[in-house]
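Novice: Input: one structure, supplied below.
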Amino acid sequence: MDKRISVYRKEHFNAAHRLYNPAWDDARNLEVFGKCSYPNYHGHNYEIVVKLTGVPDPETGFVMDLKVLGDLVKKEVIAKFDHKNLNLDTPYFKNLNPTAENICLVIYEILRPLIHPDLDLQVRLYETERNFVEYPA
Amino acid sequence: MVYLTRLEHFNAAHKLYNPEWSREQNEAVFGVCANENWHGHNFDLYVTVKGEPDKDTGFICDVKVLSRIIREHIIEKLDHKNLNLDVDFMKGKMCSTENLAIGIWNELKPHIPAGAELHCIKLYETPRIYVEYFGE
(Lines give C-alpha, C1' and ligand atoms only; values in the text may rest on other atoms or scores of the structure.)
Protein backbone atom coordinates (compact mmCIF):
# COMPACT_ATOMS: atom_id res chain seq x y z
CA MET A 1 0.00 0.00 0.00
CA ASP A 2 1.54 3.30 -1.04
CA LYS A 3 -1.56 5.46 -1.00
CA ARG A 4 -1.29 8.88 0.61
CA ILE A 5 -3.84 9.75 3.26
CA SER A 6 -4.40 12.70 5.61
CA VAL A 7 -4.68 12.50 9.39
CA TYR A 8 -5.87 15.35 11.59
CA ARG A 9 -5.46 16.38 15.22
CA LYS A 10 -7.56 19.11 16.84
CA GLU A 11 -6.41 21.11 19.84
CA HIS A 12 -7.62 24.37 21.38
CA PHE A 13 -6.41 27.31 23.41
CA ASN A 14 -7.97 30.43 24.93
CA ALA A 15 -6.06 33.68 24.58
CA ALA A 16 -6.29 37.47 24.59
CA HIS A 17 -5.01 39.71 21.82
CA ARG A 18 -5.52 42.98 20.00
CA LEU A 19 -4.79 44.04 16.44
CA TYR A 20 -2.62 47.13 16.36
CA ASN A 21 -0.06 48.61 14.02
CA PRO A 22 2.37 50.69 16.13
CA ALA A 23 3.37 52.70 13.05
CA TRP A 24 -0.17 54.13 12.94
CA ASP A 25 -1.98 56.40 15.39
CA ASP A 26 -4.95 55.16 17.44
CA ALA A 27 -7.49 56.70 15.09
CA ARG A 28 -6.03 54.92 12.07
CA ASN A 29 -5.85 51.63 14.01
CA LEU A 30 -9.50 51.99 14.99
CA GLU A 31 -10.44 52.77 11.40
CA VAL A 32 -8.66 49.69 10.02
CA PHE A 33 -9.03 47.13 12.83
CA GLY A 34 -12.27 48.38 14.42
CA LYS A 35 -13.17 46.81 17.75
CA CYS A 36 -10.20 44.43 17.41
CA SER A 37 -7.88 47.35 18.21
CA TYR A 38 -9.48 48.24 21.57
CA PRO A 39 -6.59 48.97 23.97
CA ASN A 40 -7.52 46.59 26.80
CA TYR A 41 -7.52 43.47 24.58
CA HIS A 42 -10.28 40.98 23.85
CA GLY A 43 -10.02 37.25 23.37
CA HIS A 44 -11.04 34.06 21.65
CA ASN A 45 -11.39 30.33 22.02
CA TYR A 46 -8.98 29.34 19.28
CA GLU A 47 -9.11 25.90 17.73
CA ILE A 48 -6.30 24.46 15.64
CA VAL A 49 -6.49 21.56 13.25
CA VAL A 50 -3.14 20.03 12.32
CA LYS A 51 -3.26 17.99 9.12
CA LEU A 52 -0.51 15.55 8.10
CA THR A 53 -0.48 13.84 4.72
CA GLY A 54 1.67 10.85 3.79
CA VAL A 55 1.83 7.12 3.21
CA PRO A 56 1.00 4.99 6.28
CA ASP A 57 4.01 3.24 7.81
CA PRO A 58 3.86 -0.42 6.67
CA GLU A 59 4.56 -1.73 10.18
CA THR A 60 2.16 0.43 12.23
CA GLY A 61 -0.41 1.50 9.64
CA PHE A 62 0.02 5.07 10.96
CA VAL A 63 0.92 8.23 9.04
CA MET A 64 1.87 9.43 12.52
CA ASP A 65 0.71 8.24 15.94
CA LEU A 66 -2.01 10.83 16.68
CA LYS A 67 -1.38 10.59 20.41
CA VAL A 68 2.24 11.56 19.78
CA LEU A 69 1.10 14.39 17.47
CA GLY A 70 -1.39 15.58 20.12
CA ASP A 71 1.32 15.63 22.78
CA LEU A 72 3.66 17.50 20.43
CA VAL A 73 1.06 20.17 19.61
CA LYS A 74 0.19 20.56 23.31
CA LYS A 75 3.86 20.95 24.31
CA GLU A 76 5.03 23.15 21.45
CA VAL A 77 1.96 25.28 20.76
CA ILE A 78 -0.78 25.05 23.40
CA ALA A 79 1.56 25.42 26.38
CA LYS A 80 2.90 28.65 24.82
CA PHE A 81 -0.45 30.20 23.85
CA ASP A 82 -3.14 28.93 26.24
CA HIS A 83 -4.45 31.50 28.73
CA LYS A 84 -1.88 33.97 27.48
CA ASN A 85 -1.92 37.42 25.95
CA LEU A 86 -0.59 36.78 22.45
CA ASN A 87 0.78 40.34 22.13
CA LEU A 88 2.47 40.48 25.53
CA ASP A 89 3.19 36.94 26.73
CA THR A 90 4.61 35.23 23.64
CA PRO A 91 7.83 36.09 21.79
CA TYR A 92 6.24 35.67 18.35
CA PHE A 93 4.11 38.81 18.16
CA LYS A 94 6.43 41.45 19.53
CA ASN A 95 6.76 42.83 16.00
CA LEU A 96 3.99 40.93 14.24
CA ASN A 97 0.28 41.66 14.38
CA PRO A 98 -1.45 38.60 15.91
CA THR A 99 -4.09 38.21 13.21
CA ALA A 100 -5.45 34.71 12.61
CA GLU A 101 -3.26 34.61 9.49
CA ASN A 102 -0.07 35.37 11.39
CA ILE A 103 -0.92 33.05 14.30
CA CYS A 104 -1.48 30.22 11.81
CA LEU A 105 1.85 30.94 10.06
CA VAL A 106 3.68 30.99 13.41
CA ILE A 107 2.16 27.65 14.42
CA TYR A 108 3.18 26.16 11.08
CA GLU A 109 6.77 27.39 11.52
CA ILE A 110 6.91 25.97 15.06
CA LEU A 111 5.65 22.55 13.98
CA ARG A 112 7.29 22.09 10.57
CA PRO A 113 10.80 21.18 11.85
CA LEU A 114 9.29 18.76 14.36
CA ILE A 115 7.28 16.73 11.83
CA HIS A 116 8.90 14.06 9.63
CA PRO A 117 10.00 15.72 6.35
CA ASP A 118 8.21 13.05 4.29
CA LEU A 119 4.87 14.27 5.66
CA ASP A 120 3.01 17.31 4.31
CA LEU A 121 1.84 19.66 7.06
CA GLN A 122 -1.15 21.96 6.92
CA VAL A 123 -2.48 24.07 9.79
CA ARG A 124 -6.02 25.41 10.06
CA LEU A 125 -6.76 27.94 12.78
CA TYR A 126 -10.27 28.91 13.92
CA GLU A 127 -10.47 32.27 15.67
CA THR A 128 -14.25 31.95 15.96
CA GLU A 129 -16.64 29.34 14.57
CA ARG A 130 -17.08 31.56 11.53
CA ASN A 131 -13.56 32.90 10.97
CA PHE A 132 -10.75 30.53 10.12
CA VAL A 133 -7.54 30.45 8.11
CA GLU A 134 -5.36 27.73 6.63
CA TYR A 135 -1.68 27.45 5.66
CA PRO A 136 -0.25 26.42 3.23
CA ALA A 137 -3.03 27.80 1.02
CA MET B 1 -46.31 28.59 28.75
CA VAL B 2 -43.74 28.64 25.96
CA TYR B 3 -40.00 29.32 26.25
CA LEU B 4 -38.25 31.33 23.54
CA THR B 5 -34.45 31.54 23.22
CA ARG B 6 -32.23 33.94 21.31
CA LEU B 7 -28.53 33.21 20.81
CA GLU B 8 -26.02 36.06 20.63
CA HIS B 9 -22.25 36.02 20.96
CA PHE B 10 -19.33 38.21 21.97
CA ASN B 11 -15.54 37.92 22.23
CA ALA B 12 -13.81 39.30 25.29
CA ALA B 13 -10.72 39.23 27.49
CA HIS B 14 -10.76 38.66 31.24
CA LYS B 15 -8.82 37.19 34.13
CA LEU B 16 -9.77 35.60 37.40
CA TYR B 17 -7.91 37.50 40.06
CA ASN B 18 -8.87 38.44 43.61
CA PRO B 19 -7.07 41.73 44.42
CA GLU B 20 -7.20 40.96 48.15
CA TRP B 21 -5.02 37.88 47.69
CA SER B 22 -1.33 37.55 46.89
CA ARG B 23 -0.28 36.62 43.39
CA GLU B 24 0.70 33.16 44.65
CA GLN B 25 -2.71 32.56 46.19
CA ASN B 26 -4.44 33.72 43.00
CA GLU B 27 -2.35 31.32 40.95
CA ALA B 28 -3.01 28.51 43.42
CA VAL B 29 -6.79 29.02 43.21
CA PHE B 30 -7.33 30.21 39.64
CA GLY B 31 -4.35 28.62 37.87
CA VAL B 32 -3.73 29.83 34.33
CA CYS B 33 -6.94 31.92 34.48
CA ALA B 34 -5.09 34.33 36.79
CA ASN B 35 -2.55 35.22 34.07
CA GLU B 36 -1.68 38.86 34.69
CA ASN B 37 -1.99 39.94 31.05
CA TRP B 38 -5.45 38.43 30.53
CA HIS B 39 -6.73 35.67 28.30
CA GLY B 40 -9.98 35.50 26.37
CA HIS B 41 -12.94 33.60 25.04
CA ASN B 42 -15.65 33.45 22.41
CA PHE B 43 -18.73 33.66 24.63
CA ASP B 44 -22.12 32.37 23.46
CA LEU B 45 -25.11 33.91 25.22
CA TYR B 46 -28.51 32.18 25.24
CA VAL B 47 -31.32 34.39 26.53
CA THR B 48 -34.58 32.55 27.25
CA VAL B 49 -37.88 34.34 27.89
CA LYS B 50 -41.22 32.71 28.69
CA GLY B 51 -44.85 33.61 28.20
CA GLU B 52 -48.08 32.80 26.39
CA PRO B 53 -48.13 33.45 22.63
CA ASP B 54 -50.04 36.62 21.79
CA LYS B 55 -53.37 35.81 20.09
CA ASP B 56 -52.79 38.30 17.27
CA THR B 57 -49.10 37.67 16.49
CA GLY B 58 -48.51 34.14 17.83
CA PHE B 59 -45.35 35.53 19.47
CA ILE B 60 -44.24 35.58 23.11
CA CYS B 61 -42.25 38.58 21.96
CA ASP B 62 -40.82 39.66 18.62
CA VAL B 63 -37.48 37.85 18.59
CA LYS B 64 -35.91 40.58 16.45
CA VAL B 65 -36.82 43.08 19.16
CA LEU B 66 -35.36 40.74 21.79
CA SER B 67 -32.18 40.48 19.73
CA ARG B 68 -31.92 44.27 19.44
CA ILE B 69 -32.37 44.65 23.21
CA ILE B 70 -29.63 42.07 23.93
CA ARG B 71 -27.26 43.72 21.47
CA GLU B 72 -27.95 47.22 22.75
CA HIS B 73 -27.71 46.48 26.47
CA ILE B 74 -25.26 43.57 26.60
CA ILE B 75 -23.26 42.90 23.42
CA GLU B 76 -22.36 46.57 22.89
CA LYS B 77 -20.90 46.64 26.40
CA LEU B 78 -19.05 43.31 26.25
CA ASP B 79 -17.96 42.59 22.69
CA HIS B 80 -14.21 42.99 22.07
CA LYS B 81 -13.86 44.39 25.59
CA ASN B 82 -11.87 43.56 28.67
CA LEU B 83 -14.51 42.32 31.12
CA ASN B 84 -12.47 43.33 34.18
CA LEU B 85 -11.63 46.85 32.99
CA ASP B 86 -14.23 48.03 30.49
CA VAL B 87 -17.63 46.86 31.79
CA ASP B 88 -19.54 49.10 34.22
CA PHE B 89 -21.73 46.35 35.68
CA MET B 90 -18.77 44.07 36.48
CA LYS B 91 -16.77 46.72 38.37
CA GLY B 92 -15.70 45.43 41.77
CA LYS B 93 -16.87 41.89 41.04
CA MET B 94 -14.92 38.73 40.38
CA CYS B 95 -15.07 38.21 36.63
CA SER B 96 -16.25 34.59 36.65
CA THR B 97 -18.77 33.26 34.15
CA GLU B 98 -21.19 32.82 37.08
CA ASN B 99 -21.01 36.51 38.02
CA LEU B 100 -21.15 37.60 34.38
CA ALA B 101 -24.40 35.63 33.88
CA ILE B 102 -25.94 37.26 36.98
CA GLY B 103 -24.79 40.69 35.75
CA ILE B 104 -26.32 40.10 32.33
CA TRP B 105 -29.61 39.02 33.95
CA ASN B 106 -29.74 42.20 36.05
CA GLU B 107 -28.97 44.40 33.04
CA LEU B 108 -31.52 42.75 30.75
CA LYS B 109 -34.46 42.22 33.10
CA PRO B 110 -35.77 45.82 33.04
CA HIS B 111 -35.76 45.82 29.23
CA ILE B 112 -37.68 42.60 28.48
CA PRO B 113 -40.81 43.46 26.44
CA ALA B 114 -44.23 43.34 28.15
CA GLY B 115 -45.87 39.93 27.88
CA ALA B 116 -42.58 38.07 28.20
CA GLU B 117 -40.66 37.22 31.34
CA LEU B 118 -36.93 36.58 31.57
CA HIS B 119 -36.41 32.89 32.36
CA CYS B 120 -32.77 31.97 31.90
CA ILE B 121 -29.36 33.34 31.05
CA LYS B 122 -27.19 30.53 29.70
CA LEU B 123 -23.63 31.61 29.07
CA TYR B 124 -20.97 29.49 27.37
CA GLU B 125 -17.38 30.48 28.11
CA THR B 126 -16.02 27.63 25.96
CA PRO B 127 -17.87 24.89 24.07
CA ARG B 128 -17.31 22.73 27.17
CA ILE B 129 -18.09 25.16 30.01
CA TYR B 130 -21.35 27.01 30.60
CA VAL B 131 -23.46 28.40 33.43
CA GLU B 132 -27.21 28.94 33.75
CA TYR B 133 -28.93 31.56 35.90
CA PHE B 134 -32.66 31.63 36.56
CA GLY B 135 -32.79 34.70 38.81
CA GLU B 136 -33.15 32.59 41.94
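Ordered as shown in the C-alpha coordinates, chains take letters A, B, and onward, while each chain numbers its residues from 1 and ligands are numbered from 1 in the order shown.
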As a ChimeraX atom specification, which residues of chain A does DSSP assign to alpha helix (DSSP H)?
Specialist: /A:26-33,66-73,79-81,86-89,100-111
Novice: For chain B, work out the contacting residues on chain A at 9 Å, counting only C-alpha atoms, and write them as a ChimeraX atom specification.
Specialist: /A:14-18,35-46,82-86,88-89,127-129
Novice: For atom CA of Lys51 of chain A and atom CA of Gly70 of chain A, determine how far apart the two atoms are, in Å to one decimal place.
Specialist: 11.4 Å
Novice: Quote the spacing between atom CA of Asp62 of chain B and atom CA of Asp44 of chain B in Å to one decimal place.
Specialist: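 We find that atom CA of Asp62 of chain B and atom CA of Asp44 of chain B lie 20.6 Å from each other.
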Novice: Please, what distance in Å, to one decimal, runs between atom CA of Leu111 of chain A and atom CA of Glu59 of chain A?
Specialist: 24.6 Å
Novice: Do a neighbour search on segment 3-11 of chain A at 7 Å with only C-alpha atoms, toss out local chain neighbours closer than 2 positions, and write the hits as a list of chain:residue names.
Specialist: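 The neighbour list is A:Met1, A:Glu47, A:Ile48, A:Val49, A:Val50, A:Lys51, A:Leu52, A:Thr53, A:Gly54, A:Val55, A:Leu66, A:Gly70.
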Novice: Create the file for the chosen residues now, containing N, CA and C atoms and written as a CSV table (one decimal), in the first residue's frame.
Specialist:
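Final output, out_39.csv:
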```
chain,number,residue,atom,x,y,z
A,1,MET,N,0.8,-1.2,0.0
A,1,MET,CA,0.0,0.0,0.0
A,1,MET,C,0.9,1.3,0.0
A,47,GLU,N,-9.2,27.3,18.0
A,47,GLU,CA,-9.1,25.9,17.7
A,47,GLU,C,-8.1,25.7,16.6
A,48,ILE,N,-7.2,24.7,16.7
A,48,ILE,CA,-6.3,24.5,15.6
A,48,ILE,C,-6.5,23.0,15.2
A,49,VAL,N,-6.4,22.9,13.9
A,49,VAL,CA,-6.5,21.6,13.2
A,49,VAL,C,-5.2,21.3,12.5
A,50,VAL,N,-4.4,20.3,12.9
A,50,VAL,CA,-3.1,20.0,12.3
A,50,VAL,C,-3.4,18.8,11.4
A,51,LYS,N,-3.0,19.0,10.1
A,51,LYS,CA,-3.3,18.0,9.1
A,51,LYS,C,-1.9,17.5,8.6
A,52,LEU,N,-1.7,16.2,8.6
A,52,LEU,CA,-0.5,15.6,8.1
A,52,LEU,C,-0.9,14.6,7.0
A,53,THR,N,-0.2,14.7,5.9
A,53,THR,CA,-0.5,13.8,4.7
A,53,THR,C,0.8,13.0,4.3
A,54,GLY,N,0.6,11.7,4.2
A,54,GLY,CA,1.7,10.8,3.8
A,54,GLY,C,1.2,9.4,3.6
A,55,VAL,N,2.1,8.5,3.4
A,55,VAL,CA,1.8,7.1,3.2
A,55,VAL,C,1.9,6.4,4.6
A,66,LEU,N,-1.3,9.6,16.4
A,66,LEU,CA,-2.0,10.8,16.7
A,66,LEU,C,-1.9,11.2,18.1
A,70,GLY,N,-0.7,14.8,19.1
A,70,GLY,CA,-1.4,15.6,20.1
A,70,GLY,C,-0.5,16.1,21.2
```
Novice: Could you tell me, as a PyMOL selection string, which residues of segment 20-135 of chain B DSSP assigns to strand (DSSP E) when given the backbone?
Specialist: chain B and resi 39-51+81-82+117-126+129-133
Novice: Can you write out the residues you just picked, keeping N, CA and C atoms, as a PDB file, in the first residue's frame?
Specialist:
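Ended up saving to part-v3.pdb:
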```pdb
ATOM      1  N   HIS B  39      -6.536  36.624  29.380  1.00  0.00           N
ATOM      2  CA  HIS B  39      -6.734  35.670  28.296  1.00  0.00           C
ATOM      3  C   HIS B  39      -8.136  35.948  27.772  1.00  0.00           C
ATOM      4  N   GLY B  40      -8.671  35.136  26.909  1.00  0.00           N
ATOM      5  CA  GLY B  40      -9.976  35.502  26.365  1.00  0.00           C
ATOM      6  C   GLY B  40     -10.771  34.345  25.824  1.00  0.00           C
ATOM      7  N   HIS B  41     -12.016  34.643  25.485  1.00  0.00           N
ATOM      8  CA  HIS B  41     -12.937  33.602  25.035  1.00  0.00           C
ATOM      9  C   HIS B  41     -13.880  34.128  23.953  1.00  0.00           C
ATOM     10  N   ASN B  42     -14.464  33.173  23.207  1.00  0.00           N
ATOM     11  CA  ASN B  42     -15.651  33.449  22.408  1.00  0.00           C
ATOM     12  C   ASN B  42     -16.847  33.025  23.261  1.00  0.00           C
ATOM     13  N   PHE B  43     -17.577  33.975  23.789  1.00  0.00           N
ATOM     14  CA  PHE B  43     -18.726  33.658  24.632  1.00  0.00           C
ATOM     15  C   PHE B  43     -19.983  33.505  23.761  1.00  0.00           C
ATOM     16  N   ASP B  44     -20.793  32.505  24.076  1.00  0.00           N
ATOM     17  CA  ASP B  44     -22.123  32.366  23.464  1.00  0.00           C
ATOM     18  C   ASP B  44     -23.165  32.618  24.543  1.00  0.00           C
ATOM     19  N   LEU B  45     -24.104  33.497  24.238  1.00  0.00           N
ATOM     20  CA  LEU B  45     -25.111  33.908  25.224  1.00  0.00           C
ATOM     21  C   LEU B  45     -26.507  33.483  24.742  1.00  0.00           C
ATOM     22  N   TYR B  46     -27.143  32.604  25.529  1.00  0.00           N
ATOM     23  CA  TYR B  46     -28.513  32.180  25.240  1.00  0.00           C
ATOM     24  C   TYR B  46     -29.443  32.892  26.217  1.00  0.00           C
ATOM     25  N   VAL B  47     -30.352  33.701  25.690  1.00  0.00           N
ATOM     26  CA  VAL B  47     -31.321  34.392  26.531  1.00  0.00           C
ATOM     27  C   VAL B  47     -32.688  33.747  26.297  1.00  0.00           C
ATOM     28  N   THR B  48     -33.283  33.202  27.364  1.00  0.00           N
ATOM     29  CA  THR B  48     -34.584  32.547  27.250  1.00  0.00           C
ATOM     30  C   THR B  48     -35.640  33.368  27.987  1.00  0.00           C
ATOM     31  N   VAL B  49     -36.723  33.678  27.264  1.00  0.00           N
ATOM     32  CA  VAL B  49     -37.877  34.336  27.892  1.00  0.00           C
ATOM     33  C   VAL B  49     -39.052  33.361  27.836  1.00  0.00           C
ATOM     34  N   LYS B  50     -40.049  33.594  28.695  1.00  0.00           N
ATOM     35  CA  LYS B  50     -41.219  32.710  28.690  1.00  0.00           C
ATOM     36  C   LYS B  50     -42.493  33.533  28.692  1.00  0.00           C
ATOM     37  N   GLY B  51     -43.562  32.919  28.228  1.00  0.00           N
ATOM     38  CA  GLY B  51     -44.846  33.608  28.205  1.00  0.00           C
ATOM     39  C   GLY B  51     -45.850  32.826  27.374  1.00  0.00           C
ATOM     40  N   LYS B  81     -14.238  43.618  24.414  1.00  0.00           N
ATOM     41  CA  LYS B  81     -13.861  44.395  25.587  1.00  0.00           C
ATOM     42  C   LYS B  81     -13.082  43.523  26.558  1.00  0.00           C
ATOM     43  N   ASN B  82     -12.500  44.223  27.541  1.00  0.00           N
ATOM     44  CA  ASN B  82     -11.875  43.559  28.670  1.00  0.00           C
ATOM     45  C   ASN B  82     -12.914  43.569  29.790  1.00  0.00           C
ATOM     46  N   GLU B 117     -41.364  37.159  30.067  1.00  0.00           N
ATOM     47  CA  GLU B 117     -40.657  37.216  31.340  1.00  0.00           C
ATOM     48  C   GLU B 117     -39.302  36.556  31.155  1.00  0.00           C
ATOM     49  N   LEU B 118     -38.260  37.172  31.682  1.00  0.00           N
ATOM     50  CA  LEU B 118     -36.930  36.582  31.567  1.00  0.00           C
ATOM     51  C   LEU B 118     -36.880  35.277  32.358  1.00  0.00           C
ATOM     52  N   HIS B 119     -36.425  34.209  31.709  1.00  0.00           N
ATOM     53  CA  HIS B 119     -36.415  32.890  32.358  1.00  0.00           C
ATOM     54  C   HIS B 119     -35.008  32.414  32.660  1.00  0.00           C
ATOM     55  N   CYS B 120     -34.090  32.540  31.693  1.00  0.00           N
ATOM     56  CA  CYS B 120     -32.765  31.965  31.895  1.00  0.00           C
ATOM     57  C   CYS B 120     -31.699  32.714  31.097  1.00  0.00           C
ATOM     58  N   ILE B 121     -30.579  32.919  31.739  1.00  0.00           N
ATOM     59  CA  ILE B 121     -29.356  33.344  31.047  1.00  0.00           C
ATOM     60  C   ILE B 121     -28.427  32.135  31.037  1.00  0.00           C
ATOM     61  N   LYS B 122     -28.120  31.659  29.837  1.00  0.00           N
ATOM     62  CA  LYS B 122     -27.187  30.531  29.700  1.00  0.00           C
ATOM     63  C   LYS B 122     -25.962  31.066  28.963  1.00  0.00           C
ATOM     64  N   LEU B 123     -24.828  30.972  29.600  1.00  0.00           N
ATOM     65  CA  LEU B 123     -23.625  31.613  29.069  1.00  0.00           C
ATOM     66  C   LEU B 123     -22.511  30.583  28.914  1.00  0.00           C
ATOM     67  N   TYR B 124     -22.091  30.397  27.669  1.00  0.00           N
ATOM     68  CA  TYR B 124     -20.968  29.494  27.369  1.00  0.00           C
ATOM     69  C   TYR B 124     -19.670  30.295  27.332  1.00  0.00           C
ATOM     70  N   GLU B 125     -18.715  29.857  28.130  1.00  0.00           N
ATOM     71  CA  GLU B 125     -17.378  30.476  28.109  1.00  0.00           C
ATOM     72  C   GLU B 125     -16.499  29.767  27.078  1.00  0.00           C
ATOM     73  N   THR B 126     -16.655  28.450  26.994  1.00  0.00           N
ATOM     74  CA  THR B 126     -16.022  27.631  25.963  1.00  0.00           C
ATOM     75  C   THR B 126     -17.107  26.643  25.522  1.00  0.00           C
ATOM     76  N   ILE B 129     -17.788  24.582  28.684  1.00  0.00           N
ATOM     77  CA  ILE B 129     -18.088  25.162  30.009  1.00  0.00           C
ATOM     78  C   ILE B 129     -19.204  26.188  29.857  1.00  0.00           C
ATOM     79  N   TYR B 130     -20.316  25.985  30.592  1.00  0.00           N
ATOM     80  CA  TYR B 130     -21.354  27.015  30.597  1.00  0.00           C
ATOM     81  C   TYR B 130     -22.026  27.082  31.952  1.00  0.00           C
ATOM     82  N   VAL B 131     -22.669  28.225  32.205  1.00  0.00           N
ATOM     83  CA  VAL B 131     -23.457  28.397  33.425  1.00  0.00           C
ATOM     84  C   VAL B 131     -24.872  28.794  33.029  1.00  0.00           C
ATOM     85  N   GLU B 132     -25.820  28.533  33.938  1.00  0.00           N
ATOM     86  CA  GLU B 132     -27.205  28.942  33.752  1.00  0.00           C
ATOM     87  C   GLU B 132     -27.659  29.702  34.990  1.00  0.00           C
ATOM     88  N   TYR B 133     -28.394  30.781  34.773  1.00  0.00           N
ATOM     89  CA  TYR B 133     -28.925  31.561  35.900  1.00  0.00           C
ATOM     90  C   TYR B 133     -30.405  31.803  35.641  1.00  0.00           C
TER      91      TYR B 133
END
```
